[in-house]
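Structure file data-v7.txt (compact mmCIF, C-alpha atoms and all ligand atoms) follows.
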```txt
# COMPACT_ATOMS: atom_id res chain seq x y z
CA MET A 1 22.24 8.58 29.59
CA GLU A 2 21.75 5.08 28.27
CA SER A 3 18.86 4.80 25.81
CA ALA A 4 16.05 2.27 26.23
CA SER A 5 17.40 0.11 23.46
CA GLU A 6 20.89 0.17 24.95
CA THR A 7 19.49 -0.91 28.30
CA ILE A 8 17.60 -3.78 26.74
CA LYS A 9 20.67 -4.72 24.73
CA ARG A 10 22.80 -4.68 27.92
CA ILE A 11 20.36 -6.80 29.88
CA PHE A 12 19.56 -9.33 27.21
CA GLY A 13 22.82 -9.31 25.29
CA GLY A 14 23.31 -8.48 21.64
CA LYS A 15 23.94 -11.58 19.56
CA SER A 16 21.67 -14.35 20.71
CA ASN A 17 18.41 -14.92 18.89
CA SER A 18 16.43 -14.24 22.05
CA VAL A 19 13.24 -12.30 22.48
CA GLY A 20 15.31 -9.72 24.31
CA SER A 21 17.67 -9.06 21.45
CA GLU A 22 14.75 -8.87 19.05
CA MET A 23 13.11 -6.26 21.30
CA ALA A 24 16.34 -4.30 21.44
CA GLU A 25 16.65 -4.39 17.69
CA VAL A 26 13.07 -3.21 17.12
CA SER A 27 13.46 -0.48 19.67
CA SER A 28 16.62 0.89 18.06
CA ARG A 29 14.98 0.75 14.63
CA TYR A 30 12.03 2.69 16.09
CA GLU A 31 14.36 5.36 17.43
CA ALA A 32 16.22 5.59 14.15
CA LEU A 33 12.93 6.14 12.30
CA ASP A 34 11.98 8.99 14.57
CA HIS A 35 15.15 10.78 13.54
CA VAL A 36 14.85 10.49 9.78
CA ARG A 37 12.97 12.78 7.48
CA PHE A 38 10.61 11.22 4.98
CA PRO A 39 11.20 13.10 1.71
CA LYS A 40 7.99 14.19 -0.03
CA PRO A 41 7.63 13.37 -3.71
CA ALA A 42 7.99 16.32 -6.10
CA GLU A 43 4.65 15.34 -7.64
CA THR A 44 1.68 13.31 -6.44
CA ARG A 45 2.34 9.58 -6.61
CA TYR A 46 -0.64 7.45 -7.61
CA ILE A 47 -0.24 3.87 -6.40
CA ALA A 48 -2.59 0.88 -6.73
CA VAL A 49 -1.96 -1.98 -4.33
CA ALA A 50 -2.85 -5.04 -6.36
CA ASN A 51 -2.54 -8.80 -6.54
CA GLN A 52 -5.34 -11.02 -7.81
CA LYS A 53 -4.68 -13.45 -4.97
CA GLY A 54 -6.69 -12.91 -1.81
CA GLY A 55 -5.09 -12.80 1.61
CA VAL A 56 -1.59 -11.76 0.54
CA GLY A 57 -1.60 -8.51 2.51
CA LYS A 58 -2.93 -5.96 0.00
CA THR A 59 -5.28 -4.21 2.40
CA THR A 60 -2.87 -4.44 5.32
CA THR A 61 -0.17 -2.92 3.14
CA ALA A 62 -2.35 -0.16 1.65
CA VAL A 63 -3.58 0.83 5.11
CA ASN A 64 -0.27 0.72 6.93
CA ILE A 65 1.88 2.30 4.23
CA ALA A 66 -0.72 5.09 4.05
CA ALA A 67 -0.72 5.45 7.84
CA ALA A 68 3.09 5.39 8.02
CA LEU A 69 3.39 8.10 5.38
CA ALA A 70 0.68 10.19 7.06
CA TYR A 71 2.46 9.76 10.39
CA ALA A 72 5.51 11.23 8.64
CA HIS A 73 3.38 14.28 7.65
CA SER A 74 2.69 13.41 4.01
CA LYS A 75 -0.78 14.18 2.70
CA ILE A 76 -2.56 10.97 1.73
CA LEU A 77 -5.79 9.96 0.02
CA VAL A 78 -6.73 6.29 0.31
CA ILE A 79 -9.36 4.98 -2.09
CA ASP A 80 -11.00 1.72 -1.10
CA MET A 81 -11.85 -0.19 -4.28
CA ASP A 82 -12.74 -3.46 -2.58
CA PRO A 83 -16.46 -4.10 -1.89
CA GLN A 84 -15.34 -5.86 1.32
CA GLY A 85 -14.41 -2.41 2.65
CA ASN A 86 -11.58 -3.80 4.78
CA ALA A 87 -9.33 -0.79 4.26
CA SER A 88 -12.18 1.49 5.36
CA THR A 89 -12.66 -0.61 8.50
CA ALA A 90 -8.96 -0.66 9.33
CA LEU A 91 -8.69 3.10 8.92
CA GLY A 92 -11.68 3.68 11.18
CA VAL A 93 -14.06 5.36 8.71
CA LYS A 94 -17.76 4.61 8.42
CA HIS A 95 -18.86 2.51 5.48
CA ASN A 96 -22.08 0.73 6.31
CA GLY A 97 -24.16 0.92 3.17
CA GLY A 98 -25.73 4.28 4.04
CA GLU A 99 -22.44 6.11 3.65
CA LEU A 100 -21.40 7.68 0.36
CA SER A 101 -18.63 5.60 -1.14
CA THR A 102 -16.47 4.64 -4.10
CA TYR A 103 -19.66 3.17 -5.62
CA ASP A 104 -21.22 6.66 -5.89
CA VAL A 105 -17.99 8.03 -7.34
CA LEU A 106 -17.69 5.34 -10.03
CA GLU A 107 -21.31 5.74 -11.07
CA GLY A 108 -20.91 9.50 -11.28
CA ARG A 109 -23.45 10.45 -8.59
CA LYS A 110 -20.88 12.11 -6.36
CA GLY A 111 -17.41 13.56 -6.60
CA ILE A 112 -14.51 12.37 -4.45
CA ALA A 113 -14.63 15.66 -2.51
CA GLU A 114 -18.16 14.82 -1.29
CA VAL A 115 -17.39 11.25 -0.39
CA LYS A 116 -14.02 11.28 1.32
CA GLN A 117 -13.83 11.11 5.10
CA PRO A 118 -11.05 12.23 7.43
CA SER A 119 -9.15 9.53 9.27
CA PRO A 120 -9.79 9.73 13.00
CA ALA A 121 -6.11 8.94 13.69
CA PHE A 122 -4.06 11.02 11.24
CA LYS A 123 -4.65 14.65 10.35
CA THR A 124 -3.17 14.29 6.87
CA LEU A 125 -5.04 11.15 5.85
CA GLU A 126 -8.40 10.92 4.10
CA VAL A 127 -10.31 7.89 2.92
CA VAL A 128 -12.87 7.23 0.20
CA PRO A 129 -14.71 4.31 1.78
CA ALA A 130 -16.17 1.26 0.05
CA SER A 131 -19.10 -0.92 0.92
CA ILE A 132 -20.64 -4.08 -0.45
CA ASP A 133 -22.83 -2.25 -3.00
CA LEU A 134 -19.61 -1.60 -4.94
CA SER A 135 -19.77 -5.22 -6.06
CA GLY A 136 -22.75 -4.24 -8.23
CA ALA A 137 -20.78 -1.57 -10.04
CA GLU A 138 -18.90 -4.02 -12.22
CA LEU A 139 -22.10 -5.13 -13.92
CA GLU A 140 -23.82 -1.76 -13.84
CA VAL A 141 -21.07 0.06 -15.72
CA ALA A 142 -20.14 -2.83 -18.03
CA ASP A 143 -21.81 -1.27 -21.08
CA MET A 144 -20.48 2.24 -20.60
CA GLN A 145 -17.97 3.35 -23.14
CA ASN A 146 -15.60 4.93 -20.64
CA ARG A 147 -16.05 2.06 -18.17
CA ASN A 148 -12.30 1.61 -17.63
CA ASN A 149 -11.70 5.27 -16.87
CA LEU A 150 -14.47 6.05 -14.39
CA LEU A 151 -12.10 6.29 -11.43
CA LYS A 152 -9.41 8.05 -13.42
CA ASP A 153 -11.85 10.75 -14.55
CA ALA A 154 -13.26 11.23 -11.04
CA LEU A 155 -9.78 11.39 -9.55
CA SER A 156 -8.44 13.92 -12.04
CA ASP A 157 -11.56 16.09 -11.53
CA PHE A 158 -10.92 15.99 -7.81
CA ILE A 159 -7.16 16.61 -7.92
CA GLU A 160 -7.53 19.48 -10.40
CA SER A 161 -10.12 21.27 -8.29
CA SER A 162 -8.64 20.47 -4.87
CA LYS A 163 -6.91 23.27 -3.02
CA THR A 164 -4.89 20.74 -1.07
CA HIS A 165 -1.85 19.05 -2.56
CA TYR A 166 -1.74 15.30 -2.05
CA ASP A 167 1.62 13.56 -1.82
CA TYR A 168 0.21 10.08 -2.36
CA VAL A 169 -3.03 8.57 -3.59
CA ILE A 170 -3.16 4.91 -2.58
CA ILE A 171 -5.80 2.54 -3.92
CA ASP A 172 -6.63 -0.77 -2.26
CA CYS A 173 -7.75 -3.26 -4.93
CA PRO A 174 -10.00 -6.31 -4.61
CA PRO A 175 -8.55 -9.78 -5.31
CA SER A 176 -9.50 -10.09 -8.97
CA LEU A 177 -8.49 -8.74 -12.33
CA GLY A 178 -11.94 -7.37 -13.13
CA LEU A 179 -13.29 -3.96 -13.98
CA LEU A 180 -12.64 -2.47 -10.52
CA VAL A 181 -8.97 -3.36 -10.72
CA ILE A 182 -8.71 -2.13 -14.31
CA ASN A 183 -10.24 1.17 -13.14
CA ALA A 184 -7.63 1.38 -10.41
CA MET A 185 -4.81 0.60 -12.84
CA CYS A 186 -6.03 3.23 -15.28
CA ALA A 187 -6.19 5.84 -12.52
CA VAL A 188 -2.61 5.38 -11.26
CA ASN A 189 0.95 5.42 -12.54
CA GLU A 190 2.26 2.75 -10.22
CA VAL A 191 1.37 -0.68 -8.97
CA LEU A 192 2.60 -1.97 -5.62
CA ILE A 193 2.43 -5.76 -5.46
CA PRO A 194 2.43 -7.36 -2.02
CA ILE A 195 3.84 -10.88 -2.13
CA GLN A 196 3.14 -13.27 0.67
CA ALA A 197 6.19 -15.24 1.75
CA GLU A 198 4.73 -18.69 1.14
CA TYR A 199 5.33 -21.60 -1.15
CA TYR A 200 2.93 -20.52 -3.91
CA ALA A 201 3.98 -16.88 -3.80
CA LEU A 202 5.30 -16.64 -7.31
CA GLU A 203 2.46 -18.57 -8.88
CA GLY A 204 0.06 -16.13 -10.42
CA LEU A 205 2.62 -13.35 -10.38
CA GLY A 206 3.26 -13.91 -14.08
CA GLN A 207 -0.44 -13.53 -14.84
CA LEU A 208 -0.63 -10.34 -12.81
CA ILE A 209 2.39 -8.84 -14.57
CA GLN A 210 0.85 -9.85 -17.89
CA THR A 211 -2.44 -8.11 -17.05
CA ILE A 212 -0.58 -5.00 -15.98
CA GLY A 213 1.25 -5.20 -19.31
CA LEU A 214 -2.07 -5.35 -21.18
CA VAL A 215 -3.46 -2.35 -19.29
CA GLN A 216 -0.25 -0.53 -20.07
CA LYS A 217 -0.43 -1.38 -23.75
CA HIS A 218 -4.07 -0.54 -24.31
CA TYR A 219 -5.06 2.05 -21.74
CA ASN A 220 -2.31 3.50 -19.59
CA PRO A 221 1.14 3.62 -21.23
CA SER A 222 2.91 5.06 -18.21
CA LEU A 223 1.80 2.31 -15.81
CA LEU A 224 4.75 0.92 -13.89
CA VAL A 225 5.21 -1.88 -11.39
CA SER A 226 7.26 0.30 -9.10
CA THR A 227 7.24 -1.71 -5.89
CA MET A 228 7.01 -5.22 -4.54
CA LEU A 229 6.81 -5.91 -0.84
CA VAL A 230 7.25 -9.30 0.75
CA THR A 231 4.70 -9.72 3.53
CA MET A 232 4.08 -12.20 6.35
CA PHE A 233 7.79 -12.93 6.39
CA ASP A 234 8.92 -15.40 9.03
CA ARG A 235 12.59 -14.91 9.69
CA ARG A 236 12.86 -18.27 11.44
CA THR A 237 12.07 -20.20 8.29
CA LEU A 238 14.32 -20.88 5.37
CA LEU A 239 11.29 -20.74 3.08
CA SER A 240 10.63 -17.06 3.74
CA LYS A 241 14.23 -16.24 2.93
CA GLU A 242 14.12 -18.36 -0.22
CA ILE A 243 10.96 -16.62 -1.42
CA TYR A 244 12.54 -13.24 -0.79
CA ASP A 245 15.71 -14.19 -2.66
CA LYS A 246 13.70 -15.48 -5.59
CA VAL A 247 11.63 -12.31 -5.89
CA ARG A 248 14.81 -10.29 -5.58
CA GLU A 249 16.48 -12.35 -8.31
CA HIS A 250 13.58 -11.75 -10.73
CA TYR A 251 12.79 -8.14 -9.79
CA PRO A 252 15.97 -6.71 -8.24
CA HIS A 253 15.08 -3.04 -8.59
CA ILE A 254 11.45 -3.38 -7.64
CA VAL A 255 11.33 -5.39 -4.43
CA LEU A 256 11.87 -3.40 -1.24
CA GLU A 257 14.68 -4.40 1.08
CA THR A 258 12.28 -4.22 4.00
CA THR A 259 10.10 -7.27 4.58
CA ILE A 260 6.96 -7.26 6.70
CA PRO A 261 7.05 -9.85 9.48
CA ARG A 262 4.06 -11.96 10.36
CA THR A 263 2.86 -10.58 13.69
CA VAL A 264 -0.27 -10.94 15.77
CA LYS A 265 -0.51 -7.17 16.29
CA ILE A 266 -0.75 -6.56 12.53
CA SER A 267 -3.67 -8.96 12.27
CA GLU A 268 -5.37 -7.65 15.41
CA ALA A 269 -5.23 -3.96 14.57
CA PRO A 270 -8.20 -3.88 12.11
CA SER A 271 -10.56 -5.26 14.75
CA PHE A 272 -9.85 -2.09 16.74
CA ALA A 273 -10.44 0.00 13.58
CA LYS A 274 -6.80 1.01 13.65
CA SER A 275 -3.68 0.78 11.56
CA VAL A 276 -0.83 -1.02 13.30
CA ILE A 277 1.05 2.29 13.27
CA GLU A 278 -1.51 3.58 15.75
CA TYR A 279 -2.40 0.31 17.50
CA ASP A 280 1.10 -0.90 18.32
CA PRO A 281 3.52 1.87 17.35
CA HIS A 282 6.59 0.34 18.99
CA GLY A 283 6.02 -3.19 17.69
CA MET A 284 7.84 -4.98 14.93
CA GLY A 285 4.94 -4.65 12.48
CA ALA A 286 4.63 -0.88 12.77
CA VAL A 287 8.39 -0.41 12.57
CA ALA A 288 8.61 -2.59 9.45
CA TYR A 289 5.76 -0.76 7.70
CA ARG A 290 7.37 2.59 8.53
CA GLU A 291 10.68 1.37 7.12
CA ALA A 292 8.94 0.16 3.97
CA ALA A 293 7.20 3.54 3.67
CA LEU A 294 10.56 5.30 4.02
CA GLU A 295 12.03 3.20 1.21
CA ILE A 296 9.02 4.05 -0.96
CA ALA A 297 9.43 7.76 -0.17
CA ARG A 298 13.15 7.71 -0.92
CA ARG A 299 12.57 6.11 -4.30
CA SER A 300 10.25 8.92 -5.41
CA PRO A 301 12.74 10.78 -7.62
CA ALA A 302 13.71 7.64 -9.56
CA VAL A 303 10.12 6.40 -9.89
CA LEU A 304 8.76 9.77 -11.01
CA LYS A 305 11.55 10.05 -13.56
CA THR A 306 10.72 6.65 -15.08
CA ILE A 307 7.03 7.54 -15.25
CA GLN A 308 7.82 10.88 -16.88
CA ALA A 309 9.99 9.16 -19.49
CA ARG A 310 7.19 6.70 -20.28
CA LYS A 311 4.69 9.51 -20.63
CA GLN A 312 6.93 11.35 -23.06
CA ARG A 313 7.56 8.25 -25.09
CA SER A 314 3.85 7.54 -25.46
CA ASN A 315 2.97 11.07 -26.57
P1 LIG B 1 -5.70 -9.03 1.07
O1 LIG B 1 -6.15 -7.61 1.12
O2 LIG B 1 -4.61 -9.27 0.05
O3 LIG B 1 -6.82 -9.99 0.90
P2 LIG B 1 -5.16 -8.75 3.88
O4 LIG B 1 -4.31 -7.55 4.01
O5 LIG B 1 -6.61 -8.57 4.21
O6 LIG B 1 -5.00 -9.40 2.45
O7 LIG B 1 -4.52 -9.89 4.78
C1 LIG B 1 -5.11 -11.18 4.87
C2 LIG B 1 -5.13 -11.63 6.33
O8 LIG B 1 -3.79 -11.76 6.80
C3 LIG B 1 -5.80 -10.64 7.25
O9 LIG B 1 -6.48 -11.34 8.25
C4 LIG B 1 -4.65 -9.85 7.83
O10 LIG B 1 -4.95 -9.33 9.10
C5 LIG B 1 -3.58 -10.89 7.90
N1 LIG B 1 -2.24 -10.31 7.75
C6 LIG B 1 -1.79 -9.53 6.75
N2 LIG B 1 -0.51 -9.20 6.93
C7 LIG B 1 -0.11 -9.79 8.10
C8 LIG B 1 1.11 -9.84 8.84
N3 LIG B 1 2.21 -9.22 8.41
N4 LIG B 1 1.12 -10.54 10.00
C9 LIG B 1 0.02 -11.19 10.42
N5 LIG B 1 -1.15 -11.20 9.78
C10 LIG B 1 -1.23 -10.51 8.61
MG MG B 2 -8.04 -6.77 0.80
```

What is this structure when it is put down as structure tokens?
Ligand code: ADP
Ligand code: MG
Amino acid sequence: MESASETIKRIFGGKSNSVGSEMAEVSSRYEALDHVRFPKPAETRYIAVANQKGGVGKTTTAVNIAAALAYAHSKILVIDMDPQGNASTALGVKHNGGELSTYDVLEGRKGIAEVKQPSPAFKTLEVVPASIDLSGAELEVADMQNRNNLLKDALSDFIESSKTHYDYVIIDCPPSLGLLVINAMCAVNEVLIPIQAEYYALEGLGQLIQTIGLVQKHYNPSLLVSTMLVTMFDRRTLLSKEIYDKVREHYPHIVLETTIPRTVKISEAPSFAKSVIEYDPHGMGAVAYREAALEIARRSPAVLKTIQARKQRSN
């Protein structure tokens, strides 16, 4: 029997740039994804999603990559490190001041095990929520000697004592290069940088890379910028393509082939307390985030090998 995508292709035709052919393309990509296996990493991957610019798609990326990997049966812990708590909202967990949160973890009152909440949508996804009180943490811990390693220590305590194996720990960072972000970068091995496909995209990227370099030099020698993802890509504009090509030229092995399109569904999903993977599973946004997640999963052996080599070198 003819598949849905074949039917759409037949009705709307293959080549033209019509809505119909776009639907057919998305639908066949959706089907293809349902037939592939997402390889699990041999060891837990610790990834901070960071960019000091606001509004570039950090939270959207952290949430939807986490959801896409959980949908593919990987075990995921998301840690919300942004006092705005947008990742917590989008993943549908409670975080209204009264809830235990990242704030309690950083200040040592609670362990991650006591604070994490299950995602209502995905069985293998858990979230450490954040709320606005986290914004006080930066000042409150400023004089502590181990102030850069508060998250790292809490996370290793948790992982060591947890009976469950986590495939990925994904941290959503606030738009700054302050103490919260340094804590995230000290707690992970990898940074994922979302880059918005807009004119000023590459401005500030140098500063971010430099900061990551400083953290690497002084605190966390194995830290690696493993992934860049171009977001809010508009395939109708030359600019988006130019931005992508530029990023690719500078960071050929880091930037994912998949780009995330700008879609209304992606921006609507958080207001329903959902990832786009749950909110609009067949849409272009969900398909793109699942493809990006697959690329990330397939790179695990190479990424883990690089991290291992860095660890050995620094010992
Ligand atoms: P950040 O965490 O870097 O500040 P967000 O992920 O919150 O950025 O994204 C900023 C805004 O852009 C949000 O309103 C979000 O819903 C929207 N957005 C992010 N990615 C997309 C996309 N691919 N298409 C449409 N809107 C998007
Ligand atoms: Mg954010």

What residues of the protein or nucleic acid chains come within 7 Å of ligand MG 2 (chain B) when you use only C-alpha atoms and all ligand atoms? Reply as an MDAnalysis selection string. chainID A and resid 54:55 57:59 82 86 172:175

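If you measure from each of A:Val247, A:Ile307, A:Val181, A:Val127 to Tyr46 of chain A using only C-alpha atoms, the closest one turns out to be A:Ile307.
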
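We find atom CA of Ser131 of chain A and atom CA of Glu107 of chain A to be spaced 13.9 Å apart.
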
Set the distance at 9 Å and use only C-alpha atoms: which residues neighbour segment 226-234 of chain A once local chain neighbours fewer than 6 positions away are removed? I'd like the list as a PDB file with C-alpha atoms, in the frame of the given file.
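Produced file out-v9.pdb, reproduced below:
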```pdb
ATOM      1  CA  ILE A  47      -0.240   3.870  -6.400  1.00  0.00           C
ATOM      2  CA  VAL A  56      -1.590 -11.760   0.540  1.00  0.00           C
ATOM      3  CA  GLY A  57      -1.600  -8.510   2.510  1.00  0.00           C
ATOM      4  CA  THR A  61      -0.170  -2.920   3.140  1.00  0.00           C
ATOM      5  CA  ASN A 189       0.950   5.420 -12.540  1.00  0.00           C
ATOM      6  CA  GLU A 190       2.260   2.750 -10.220  1.00  0.00           C
ATOM      7  CA  VAL A 191       1.370  -0.680  -8.970  1.00  0.00           C
ATOM      8  CA  LEU A 192       2.600  -1.970  -5.620  1.00  0.00           C
ATOM      9  CA  ILE A 193       2.430  -5.760  -5.460  1.00  0.00           C
ATOM     10  CA  PRO A 194       2.430  -7.360  -2.020  1.00  0.00           C
ATOM     11  CA  ILE A 195       3.840 -10.880  -2.130  1.00  0.00           C
ATOM     12  CA  GLN A 196       3.140 -13.270   0.670  1.00  0.00           C
ATOM     13  CA  ALA A 197       6.190 -15.240   1.750  1.00  0.00           C
ATOM     14  CA  GLU A 198       4.730 -18.690   1.140  1.00  0.00           C
ATOM     15  CA  SER A 240      10.630 -17.060   3.740  1.00  0.00           C
ATOM     16  CA  LYS A 241      14.230 -16.240   2.930  1.00  0.00           C
ATOM     17  CA  ILE A 243      10.960 -16.620  -1.420  1.00  0.00           C
ATOM     18  CA  TYR A 244      12.540 -13.240  -0.790  1.00  0.00           C
ATOM     19  CA  VAL A 247      11.630 -12.310  -5.890  1.00  0.00           C
ATOM     20  CA  TYR A 251      12.790  -8.140  -9.790  1.00  0.00           C
ATOM     21  CA  HIS A 253      15.080  -3.040  -8.590  1.00  0.00           C
ATOM     22  CA  ILE A 254      11.450  -3.380  -7.640  1.00  0.00           C
ATOM     23  CA  VAL A 255      11.330  -5.390  -4.430  1.00  0.00           C
ATOM     24  CA  LEU A 256      11.870  -3.400  -1.240  1.00  0.00           C
ATOM     25  CA  GLU A 257      14.680  -4.400   1.080  1.00  0.00           C
ATOM     26  CA  THR A 258      12.280  -4.220   4.000  1.00  0.00           C
ATOM     27  CA  THR A 259      10.100  -7.270   4.580  1.00  0.00           C
ATOM     28  CA  ILE A 260       6.960  -7.260   6.700  1.00  0.00           C
ATOM     29  CA  PRO A 261       7.050  -9.850   9.480  1.00  0.00           C
ATOM     30  CA  ARG A 262       4.060 -11.960  10.360  1.00  0.00           C
ATOM     31  CA  THR A 263       2.860 -10.580  13.690  1.00  0.00           C
ATOM     32  CA  ALA A 292       8.940   0.160   3.970  1.00  0.00           C
ATOM     33  CA  ILE A 296       9.020   4.050  -0.960  1.00  0.00           C
ATOM     34  CA  VAL A 303      10.120   6.400  -9.890  1.00  0.00           C
TER      35      VAL A 303
END
```

Return as AutoDock Vina command-line options the centre and edge lengths, in Å with one decimal, of the box along x, y and z that encloses every atom of segment 98-115 of chain A in the file, padded by 6 Å per side.
```
--center_x -20.1 --center_y 9.4 --center_z -3.6 --size_x 23.2 --size_y 24.5 --size_z 27.3
```

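Atom CA of Gly283 of chain A is found 15.6 Å from atom CA of Arg235 of chain A.
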
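For the pair atom CA of Asp80 of chain A and atom CA of Gly213 of chain A, the interatomic distance is 23.0 Å.
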
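Here the question is which of A:Val169, A:Val26, A:Ile112, A:Ala90 gets nearest to ligand LIG 1 (chain B) using all atoms listed in the file, and that residue is A:Ala90.
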
Report as a PDB file with C-alpha atoms, in the coordinates of the input all protein, DNA and RNA residues lying within 9 Å of Asp133 of chain A, evaluated on all atoms listed in the file, omitting residues in the same chain fewer than 6 positions from it.
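Output saved as selection_19.pdb:
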```pdb
ATOM      1  CA  PRO A  83     -16.460  -4.100  -1.890  1.00  0.00           C
ATOM      2  CA  GLY A  97     -24.160   0.920   3.170  1.00  0.00           C
ATOM      3  CA  TYR A 103     -19.660   3.170  -5.620  1.00  0.00           C
TER       4      TYR A 103
END
```

12 Å contact set for segment 68-76 of chain A, only C-alpha atoms, chain neighbours under 6 positions out, as a PDB file with C-alpha atoms, keeping the file's coordinate frame:
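This is the output file selection-v7.pdb:
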```pdb
ATOM      1  CA  LEU A  33      12.930   6.140  12.300  1.00  0.00           C
ATOM      2  CA  ASP A  34      11.980   8.990  14.570  1.00  0.00           C
ATOM      3  CA  HIS A  35      15.150  10.780  13.540  1.00  0.00           C
ATOM      4  CA  VAL A  36      14.850  10.490   9.780  1.00  0.00           C
ATOM      5  CA  ARG A  37      12.970  12.780   7.480  1.00  0.00           C
ATOM      6  CA  PHE A  38      10.610  11.220   4.980  1.00  0.00           C
ATOM      7  CA  PRO A  39      11.200  13.100   1.710  1.00  0.00           C
ATOM      8  CA  LYS A  40       7.990  14.190  -0.030  1.00  0.00           C
ATOM      9  CA  PRO A  41       7.630  13.370  -3.710  1.00  0.00           C
ATOM     10  CA  ALA A  42       7.990  16.320  -6.100  1.00  0.00           C
ATOM     11  CA  GLU A  43       4.650  15.340  -7.640  1.00  0.00           C
ATOM     12  CA  THR A  44       1.680  13.310  -6.440  1.00  0.00           C
ATOM     13  CA  ARG A  45       2.340   9.580  -6.610  1.00  0.00           C
ATOM     14  CA  TYR A  46      -0.640   7.450  -7.610  1.00  0.00           C
ATOM     15  CA  ILE A  47      -0.240   3.870  -6.400  1.00  0.00           C
ATOM     16  CA  THR A  60      -2.870  -4.440   5.320  1.00  0.00           C
ATOM     17  CA  THR A  61      -0.170  -2.920   3.140  1.00  0.00           C
ATOM     18  CA  ALA A  62      -2.350  -0.160   1.650  1.00  0.00           C
ATOM     19  CA  LEU A  91      -8.690   3.100   8.920  1.00  0.00           C
ATOM     20  CA  LYS A 116     -14.020  11.280   1.320  1.00  0.00           C
ATOM     21  CA  GLN A 117     -13.830  11.110   5.100  1.00  0.00           C
ATOM     22  CA  PRO A 118     -11.050  12.230   7.430  1.00  0.00           C
ATOM     23  CA  SER A 119      -9.150   9.530   9.270  1.00  0.00           C
ATOM     24  CA  ALA A 121      -6.110   8.940  13.690  1.00  0.00           C
ATOM     25  CA  PHE A 122      -4.060  11.020  11.240  1.00  0.00           C
ATOM     26  CA  LYS A 123      -4.650  14.650  10.350  1.00  0.00           C
ATOM     27  CA  THR A 124      -3.170  14.290   6.870  1.00  0.00           C
ATOM     28  CA  LEU A 125      -5.040  11.150   5.850  1.00  0.00           C
ATOM     29  CA  GLU A 126      -8.400  10.920   4.100  1.00  0.00           C
ATOM     30  CA  VAL A 127     -10.310   7.890   2.920  1.00  0.00           C
ATOM     31  CA  VAL A 128     -12.870   7.230   0.200  1.00  0.00           C
ATOM     32  CA  THR A 164      -4.890  20.740  -1.070  1.00  0.00           C
ATOM     33  CA  HIS A 165      -1.850  19.050  -2.560  1.00  0.00           C
ATOM     34  CA  TYR A 166      -1.740  15.300  -2.050  1.00  0.00           C
ATOM     35  CA  ASP A 167       1.620  13.560  -1.820  1.00  0.00           C
ATOM     36  CA  TYR A 168       0.210  10.080  -2.360  1.00  0.00           C
ATOM     37  CA  VAL A 169      -3.030   8.570  -3.590  1.00  0.00           C
ATOM     38  CA  ILE A 170      -3.160   4.910  -2.580  1.00  0.00           C
ATOM     39  CA  ILE A 171      -5.800   2.540  -3.920  1.00  0.00           C
ATOM     40  CA  SER A 275      -3.680   0.780  11.560  1.00  0.00           C
ATOM     41  CA  VAL A 276      -0.830  -1.020  13.300  1.00  0.00           C
ATOM     42  CA  ILE A 277       1.050   2.290  13.270  1.00  0.00           C
ATOM     43  CA  GLU A 278      -1.510   3.580  15.750  1.00  0.00           C
ATOM     44  CA  PRO A 281       3.520   1.870  17.350  1.00  0.00           C
ATOM     45  CA  GLY A 285       4.940  -4.650  12.480  1.00  0.00           C
ATOM     46  CA  ALA A 286       4.630  -0.880  12.770  1.00  0.00           C
ATOM     47  CA  VAL A 287       8.390  -0.410  12.570  1.00  0.00           C
ATOM     48  CA  ALA A 288       8.610  -2.590   9.450  1.00  0.00           C
ATOM     49  CA  TYR A 289       5.760  -0.760   7.700  1.00  0.00           C
ATOM     50  CA  ARG A 290       7.370   2.590   8.530  1.00  0.00           C
ATOM     51  CA  GLU A 291      10.680   1.370   7.120  1.00  0.00           C
ATOM     52  CA  ALA A 292       8.940   0.160   3.970  1.00  0.00           C
ATOM     53  CA  ALA A 293       7.200   3.540   3.670  1.00  0.00           C
ATOM     54  CA  LEU A 294      10.560   5.300   4.020  1.00  0.00           C
ATOM     55  CA  GLU A 295      12.030   3.200   1.210  1.00  0.00           C
ATOM     56  CA  ILE A 296       9.020   4.050  -0.960  1.00  0.00           C
ATOM     57  CA  ALA A 297       9.430   7.760  -0.170  1.00  0.00           C
ATOM     58  CA  ARG A 298      13.150   7.710  -0.920  1.00  0.00           C
TER      59      ARG A 298
END
```

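For the choices A:Arg29, A:Val63, A:Val115, A:Phe272, the atom-to-atom distance to Phe158 of chain A is smallest for A:Val115 when using only C-alpha atoms.
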
Between A:Ser300, A:Thr237, A:Ser18, A:Ser271, which residue has the minimum interatomic distance to ligand LIG 1 (chain B), considering all atoms listed in the file? A:Ser271

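With distances taken over only C-alpha atoms and all ligand atoms, A:Gln52 is the one residue among A:Gln52, A:Ser21, A:Thr102, A:Gln308 lying closest to ligand LIG 1 (chain B).
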
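Taking only C-alpha atoms and all ligand atoms into account, ligand LIG 1 (chain B) lies nearest to A:Lys53 out of the set A:His95, A:Arg147, A:His282, A:Lys53.
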